[in-house]
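This is target-v1.tsv. It holds TSV, C-alpha atoms and all ligand atoms.
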```
chain	number	residue	atom	x	y	z
A	1	MET	CA	-4.18	-25.90	27.30
A	2	GLY	CA	-7.83	-26.76	26.65
A	3	HIS	CA	-10.19	-28.91	28.68
A	4	TRP	CA	-7.37	-30.22	30.87
A	5	PHE	CA	-6.31	-26.68	31.68
A	6	LEU	CA	-9.86	-25.57	32.44
A	7	VAL	CA	-10.60	-28.50	34.76
A	8	ASN	CA	-7.32	-28.07	36.65
A	9	TRP	CA	-7.72	-24.34	36.82
A	10	GLN	CA	-11.22	-24.74	38.25
A	11	ARG	CA	-9.96	-27.22	40.87
A	12	LYS	CA	-7.14	-24.90	41.86
A	13	ARG	CA	-9.44	-21.94	41.93
A	14	GLN	CA	-12.04	-23.73	44.06
A	15	MET	CA	-9.31	-24.09	46.67
A	16	GLU	CA	-7.94	-20.58	46.25
A	17	VAL	CA	-11.03	-18.40	45.94
A	18	LYS	CA	-13.94	-20.10	47.67
A	19	ALA	CA	-15.66	-16.81	48.47
A	20	MET	CA	-15.83	-15.64	44.89
A	21	ASP	CA	-17.10	-18.65	43.04
A	22	VAL	CA	-18.74	-16.77	40.21
A	23	HIS	CA	-18.85	-18.39	36.81
A	24	LEU	CA	-21.51	-16.98	34.57
A	25	SER	CA	-22.83	-18.53	31.38
A	26	LEU	CA	-21.87	-16.85	28.12
A	27	SER	CA	-25.31	-15.29	27.75
A	28	ASN	CA	-25.15	-13.89	31.30
A	29	ALA	CA	-21.65	-12.58	30.69
A	30	LEU	CA	-22.96	-10.83	27.58
A	31	ILE	CA	-25.83	-9.36	29.58
A	32	ASN	CA	-23.49	-8.21	32.38
A	33	ARG	CA	-20.69	-6.82	30.25
A	34	LYS	CA	-20.70	-3.05	30.44
A	35	SER	CA	-17.65	-0.81	30.32
A	36	CYS	CA	-16.39	-0.16	33.85
A	37	ARG	CA	-14.50	3.05	34.57
A	38	SER	CA	-14.16	2.85	38.35
A	39	TYR	CA	-12.09	0.10	39.99
A	40	LYS	CA	-11.20	-0.72	43.59
A	41	PRO	CA	-7.88	-2.24	44.68
A	42	TYR	CA	-8.08	-6.00	44.09
A	43	GLU	CA	-5.42	-8.65	43.46
A	44	ILE	CA	-6.17	-10.89	40.48
A	45	THR	CA	-4.09	-14.07	40.70
A	46	ASP	CA	-1.72	-15.21	37.97
A	47	THR	CA	-3.84	-18.35	37.66
A	48	GLU	CA	-6.84	-16.21	36.78
A	49	ILE	CA	-4.80	-14.18	34.30
A	50	ASP	CA	-3.75	-17.47	32.71
A	51	LEU	CA	-7.42	-18.14	32.10
A	52	PHE	CA	-7.91	-14.74	30.43
A	53	LYS	CA	-4.95	-15.68	28.21
A	54	TRP	CA	-6.41	-19.09	27.54
A	55	ALA	CA	-9.66	-17.43	26.42
A	56	ALA	CA	-7.69	-15.13	24.08
A	57	ASN	CA	-6.13	-18.20	22.53
A	58	GLN	CA	-9.59	-19.63	21.83
A	59	ALA	CA	-10.35	-16.72	19.47
A	60	PRO	CA	-10.31	-17.27	15.73
A	61	HIS	CA	-7.35	-15.76	13.89
A	62	ALA	CA	-6.38	-14.91	10.33
A	63	SER	CA	-4.32	-17.75	8.86
A	64	PRO	CA	-1.74	-19.09	9.23
A	65	HIS	CA	-1.14	-18.04	12.85
A	66	ARG	CA	-2.06	-15.41	15.45
A	67	HIS	CA	-0.94	-11.89	14.54
A	68	TYR	CA	-0.76	-10.55	18.09
A	69	GLU	CA	1.03	-11.06	21.36
A	70	LEU	CA	-0.40	-10.33	24.75
A	71	ILE	CA	1.41	-8.43	27.49
A	72	CYS	CA	-0.27	-8.38	30.93
A	73	VAL	CA	0.71	-5.72	33.45
A	74	LYS	CA	-0.07	-5.88	37.18
A	75	ASP	CA	2.80	-3.75	38.42
A	76	GLN	CA	1.50	-0.40	39.73
A	77	ILE	CA	4.37	1.75	38.45
A	78	THR	CA	4.02	0.38	34.92
A	79	LYS	CA	0.23	0.77	35.07
A	80	ASN	CA	0.71	4.43	36.05
A	81	LYS	CA	3.00	4.97	33.07
A	82	ILE	CA	0.53	3.30	30.71
A	83	CYS	CA	-2.21	5.48	32.21
A	84	ALA	CA	-0.29	8.59	31.18
A	85	ALA	CA	0.03	7.13	27.64
A	86	CYS	CA	-3.76	6.58	27.67
A	87	MET	CA	-4.46	10.29	28.00
A	88	ASP	CA	-4.64	9.93	31.79
A	89	GLN	CA	-7.77	7.79	31.84
A	90	LYS	CA	-7.47	7.21	35.58
A	91	TYR	CA	-9.04	3.75	35.58
A	92	VAL	CA	-5.97	2.43	33.74
A	93	SER	CA	-4.00	2.93	36.98
A	94	ASP	CA	-6.82	1.72	39.23
A	95	CYS	CA	-7.71	-1.60	37.56
A	96	SER	CA	-6.08	-4.88	38.61
A	97	VAL	CA	-4.58	-5.92	35.30
A	98	VAL	CA	-3.86	-4.08	32.07
A	99	MET	CA	-3.87	-6.45	29.10
A	100	VAL	CA	-2.11	-5.02	26.07
A	101	PHE	CA	-2.79	-6.81	22.79
A	102	CYS	CA	0.11	-6.06	20.45
A	103	GLY	CA	-0.05	-6.67	16.71
A	104	THR	CA	2.64	-8.60	14.88
A	105	GLU	CA	3.44	-8.61	11.15
A	106	GLU	CA	1.77	-5.26	10.56
A	107	ASP	CA	2.28	-5.55	6.80
A	108	LYS	CA	0.19	-8.75	6.47
A	109	THR	CA	-3.29	-8.03	5.18
A	110	LEU	CA	-6.35	-10.01	4.21
A	111	ARG	CA	-7.21	-10.11	0.52
A	112	GLN	CA	-9.78	-7.33	1.14
A	113	GLY	CA	-6.94	-5.13	2.33
A	114	HIS	CA	-7.39	-4.81	6.11
A	115	PRO	CA	-4.49	-5.74	8.41
A	116	LYS	CA	-4.70	-9.17	10.02
A	117	TYR	CA	-3.35	-8.02	13.37
A	118	VAL	CA	-6.31	-5.72	14.01
A	119	PHE	CA	-8.82	-8.55	13.63
A	120	ASP	CA	-6.75	-11.02	15.61
A	121	SER	CA	-6.14	-8.58	18.46
A	122	ALA	CA	-9.80	-7.55	18.66
A	123	ALA	CA	-11.12	-11.13	18.56
A	124	ALA	CA	-8.68	-12.18	21.29
A	125	CYS	CA	-9.53	-9.14	23.39
A	126	MET	CA	-13.25	-9.92	23.21
A	127	CYS	CA	-12.70	-13.52	24.33
A	128	SER	CA	-10.58	-12.41	27.31
A	129	ASP	CA	-13.20	-9.78	28.11
A	130	LEU	CA	-16.07	-12.27	28.25
A	131	MET	CA	-14.01	-14.73	30.26
A	132	ALA	CA	-13.19	-12.04	32.81
A	133	VAL	CA	-16.84	-10.99	33.06
A	134	SER	CA	-17.93	-14.60	33.45
A	135	MET	CA	-15.53	-14.81	36.42
A	136	GLY	CA	-17.16	-11.84	38.13
A	137	TYR	CA	-14.79	-9.10	36.97
A	138	GLN	CA	-15.53	-5.86	35.17
A	139	THR	CA	-13.71	-4.62	32.08
A	140	VAL	CA	-13.26	-1.82	29.59
A	141	TRP	CA	-11.47	-1.61	26.25
A	142	ILE	CA	-8.98	1.21	25.82
A	143	GLY	CA	-8.23	2.32	22.28
A	144	ASN	CA	-7.42	5.93	23.08
A	145	PHE	CA	-3.66	5.78	23.69
A	146	ILE	CA	-0.37	6.84	22.16
A	147	PRO	CA	1.06	3.63	20.68
A	148	GLU	CA	4.67	4.87	20.58
A	149	SER	CA	4.54	5.68	24.32
A	150	VAL	CA	3.03	2.31	25.27
A	151	LYS	CA	5.65	0.59	23.10
A	152	LYS	CA	8.44	2.37	24.96
A	153	ILE	CA	6.96	1.61	28.39
A	154	LEU	CA	6.64	-2.09	27.55
A	155	ASN	CA	10.00	-2.14	25.82
A	156	THR	CA	8.57	-3.91	22.77
A	157	ASP	CA	8.88	-3.57	19.01
A	158	LEU	CA	5.33	-4.81	18.57
A	159	ARG	CA	2.42	-2.48	17.88
A	160	PRO	CA	0.02	-1.96	20.81
A	161	THR	CA	-3.39	-2.36	19.20
A	162	ILE	CA	-6.03	-2.55	21.90
A	163	ILE	CA	-5.90	-2.58	25.70
A	164	LEU	CA	-8.29	-4.42	28.03
A	165	LEU	CA	-8.60	-3.37	31.66
A	166	VAL	CA	-9.84	-5.96	34.17
A	167	GLY	CA	-10.72	-5.45	37.80
A	168	LYS	CA	-13.41	-5.14	40.46
A	169	GLN	CA	-15.88	-2.31	40.22
A	170	THR	CA	-16.03	0.13	43.16
B	201	LIG	C1	-12.04	-0.18	19.91
B	201	LIG	C2	-12.58	0.39	21.20
B	201	LIG	C3	-11.87	1.40	21.83
B	201	LIG	C4	-12.35	1.94	23.03
B	201	LIG	N1	-11.60	2.89	23.69
B	201	LIG	C5	-12.03	3.37	24.87
B	201	LIG	C6	-11.21	4.27	25.61
B	201	LIG	O1	-10.11	4.65	25.23
B	201	LIG	N2	-11.69	4.69	26.81
B	201	LIG	C7	-12.88	4.28	27.33
B	201	LIG	O2	-13.22	4.69	28.44
B	201	LIG	N3	-13.67	3.41	26.66
B	201	LIG	C8	-13.27	2.94	25.46
B	201	LIG	N4	-14.04	2.03	24.78
B	201	LIG	C9	-15.30	1.55	25.36
B	201	LIG	C10	-16.51	2.15	24.63
B	201	LIG	O3	-16.61	3.52	24.93
B	201	LIG	C11	-17.77	1.38	25.07
B	201	LIG	O4	-17.60	0.01	24.81
B	201	LIG	C12	-19.01	1.89	24.36
B	201	LIG	O5	-19.29	3.21	24.77
B	201	LIG	C13	-20.24	1.03	24.67
B	201	LIG	O6	-20.49	0.96	26.07
B	201	LIG	P1	-20.51	-0.44	26.86
B	201	LIG	O7	-19.16	-1.08	26.68
B	201	LIG	O8	-20.78	-0.09	28.30
B	201	LIG	O9	-21.59	-1.29	26.26
B	201	LIG	C14	-13.57	1.48	23.58
B	201	LIG	C15	-14.27	0.44	22.94
B	201	LIG	C16	-13.77	-0.10	21.78
B	201	LIG	C17	-14.53	-1.24	21.12
```
Let's see the structure in the file written out as structure tokens.
Amino acid sequence: MGHWFLVNWQRKRQMEVKAMDVHLSLSNALINRKSCRSYKPYEITDTEIDLFKWAANQAPHASPHRHYELICVKDQITKNKICAACMDQKYVSDCSVVMVFCGTEEDKTLRQGHPKYVFDSAAACMCSDLMAVSMGYQTVWIGNFIPESVKKILNTDLRPTIILLVGKQT
């Protein structure tokens, strides 16, 4: 991925979503980003989700590699289950895509003692967040959840670290 991906994605998107051709600058995305807790039904395409993932990949990470994996959930039943694991924060069910950043190699720490996966997950989450906002979506981070429950729902051994909701505000 990289420039090639971005150019092709933009071409594809111009064809797919003519009506919603929003692409804000970074400074405007920063100005517009505010936590959104009320979403309307809206289908985000897989091509757009690929761009959120691409943005996550652009984040810096603690050497030698990324200490997170990203699981994106669009399926309503799974979103409802994750919602329950997020202390029933209703907007988890209502948003278009739930992006779960899961830490890997939990035992690996920086020399100052903090776990690498927390930094890597948070940096990636922020990049996806700003990309989504620049594309005209709204977002909120979800840190208030029961990790063991989210793990079970996603059928993963990885540690859910931070969740990003993306969708269209009501
Ligand atoms: C690590 C982290 C965890 C968060 N967890 C939640 C959460 O579980 N539920 C929620 O509604 N907002 C959550 N937030 C969003 C914050 O409440 C919000 O970013 C903060 O109040 C500032 O508001 P703003 O995002 O509109 O600028 C979280 C934010 C961060 C950075």
Students should find that atom CA of A:Asp88 and atom C12 of ligand LIG 201 (chain B) are spaced 18.1 Å
Neighbour list for A:Ala85 as a list of chain:residue names, cut-off 8 Å, all atoms listed in the file, skip fewer than 3 positions in-chain |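 In the requested form, the answer reads A:Lys81, A:Ile82, A:Asp88, A:Phe145, A:Ile146, A:Pro147, A:Ser149, A:Val150.
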Restricted to C-alpha atoms, what would the selected residues look like written as a compact mmCIF listing (two decimals), in the frame of the given file?
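This went into selection-v5.txt:
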```txt
# COMPACT_ATOMS: atom_id res chain seq x y z
CA LYS A 81 3.00 4.97 33.07
CA ILE A 82 0.53 3.30 30.71
CA ASP A 88 -4.64 9.93 31.79
CA PHE A 145 -3.66 5.78 23.69
CA ILE A 146 -0.37 6.84 22.16
CA PRO A 147 1.06 3.63 20.68
CA SER A 149 4.54 5.68 24.32
CA VAL A 150 3.03 2.31 25.27
```
Using all atoms listed in the file, find each residue with an atom at most 8 Å away from ligand LIG 201 (chain B) and format the answer as JSON, numbers by chain.
-> {"A": [33, 34, 35, 36, 37, 86, 89, 122, 140, 141, 142, 143, 144, 145, 162]}
Would you kindly return, as a VMD selection string, each protein, DNA or RNA residue with an atom no farther than 7 Å from any atom of A:Ile71, considering all atoms listed in the file and excluding same-chain residues fewer than 2 positions away?
-> chain A and resid 69 73 99 to 101
To one decimal place, how far is atom CA of A:Gln138 from atom CA of A:Asn32 in Å?
->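 If I compute the distance from atom CA of A:Gln138 to atom CA of A:Asn32, I get 8.8 Å.
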Atom CA of A:Asp120 and atom CA of A:Tyr68 are how many Å apart?
->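 Atom-to-atom, atom CA of A:Asp120 to atom CA of A:Tyr68, that is 6.5 Å.
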